[in-house]
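*Asks:* Provided herewith is a single structure, encoded as structure tokens, for subsequent inquiry.
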Amino acid sequence: MTKRSPSLTESQYFILAALQDGPLHGYGIIKAAGQTTDGRVKLAVGTLYGALDRMERSGWVAADREEIVDGRARRYYRLTEDGDGVLRQEALRMQQAAAVVIGRPGFRAVQA
């Protein structure tokens, strides 16, 4: 029996996706998630740092470095190999799930 990773929340998915291009600090992650989704996903600071803390404990992200900017610490996070694997598995799972609906006769895309 193969080990299956848990489904990610939408916030977790877009946080991990934001880190695919390299380490980012919290505001950079929030901005990237918003841009990627055309503003649909708006990560609150509490949501972001709670998710980062849980994903760091799971080994999906790791603290990369800290900088001091205007007297405040700015921590950068990076995607780990495990986190990249979880993200890719989730993307494939969602693609397969979408194919079930999109492949049905008479399917019409909804215009936003």
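Convention: chains lettered A, B, ... in structure tokens order; per-chain residue numbering from 1; ligands numbered from 1 as shown.
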So that I can check the surroundings of region 64-68 of chain A, please list as a list in words every protein, DNA and RNA residue that reaches within 9 Å of it, counting only C-alpha atoms and ignoring chain neighbours fewer than 4 positions away.

*Replies:*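 Close residues of region 64-68 of chain A: Pro23, Leu24, His25, Arg72, Ala73, Arg74, Arg75, Tyr76, Tyr77 and Arg78 of chain A.
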
*Asks:* Among the residues of region 8-77 of chain A, find those DSSP assigns to alpha helix (DSSP H) from the backbone and print them as a VMD selection string.

*Replies:* chain A and resid 10 to 18 26 to 36 45 to 58

*Asks:* Can you pull out every residue within 8 Å of region 30-44 of chain A, counting only C-alpha atoms, but drop anything in the same chain fewer than 6 positions away, and send it as a PDB file with N, CA, C and O atoms, in the first residue's frame?

*Replies:*
```
ATOM      1  N   SER A  11      -5.077  27.567   1.032  1.00  0.00           N
ATOM      2  CA  SER A  11      -3.997  28.435   1.512  1.00  0.00           C
ATOM      3  C   SER A  11      -2.658  27.728   1.444  1.00  0.00           C
ATOM      4  O   SER A  11      -1.675  28.284   0.946  1.00  0.00           O
ATOM      5  N   PHE A  14      -1.382  27.386  -2.242  1.00  0.00           N
ATOM      6  CA  PHE A  14      -0.836  28.590  -2.858  1.00  0.00           C
ATOM      7  C   PHE A  14       0.392  29.127  -2.131  1.00  0.00           C
ATOM      8  O   PHE A  14       1.229  29.797  -2.744  1.00  0.00           O
ATOM      9  N   ILE A  15       0.547  28.830  -0.853  1.00  0.00           N
ATOM     10  CA  ILE A  15       1.789  29.173  -0.149  1.00  0.00           C
ATOM     11  C   ILE A  15       2.938  28.352  -0.727  1.00  0.00           C
ATOM     12  O   ILE A  15       3.997  28.886  -1.066  1.00  0.00           O
ATOM     13  N   ALA A  17       3.033  26.868  -3.624  1.00  0.00           N
ATOM     14  CA  ALA A  17       3.226  27.264  -5.024  1.00  0.00           C
ATOM     15  C   ALA A  17       4.043  28.555  -5.117  1.00  0.00           C
ATOM     16  O   ALA A  17       4.893  28.692  -6.003  1.00  0.00           O
ATOM     17  N   ALA A  18       3.802  29.479  -4.199  1.00  0.00           N
ATOM     18  CA  ALA A  18       4.548  30.741  -4.192  1.00  0.00           C
ATOM     19  C   ALA A  18       6.040  30.509  -3.973  1.00  0.00           C
ATOM     20  O   ALA A  18       6.872  31.259  -4.481  1.00  0.00           O
TER      21      ALA A  18
END
```

*Asks:* Can you tell me how far CA of Ala51 (chain A) sits from CA of Asp21 (chain A), in Å to one decimal?

*Replies:* 18.8 Å
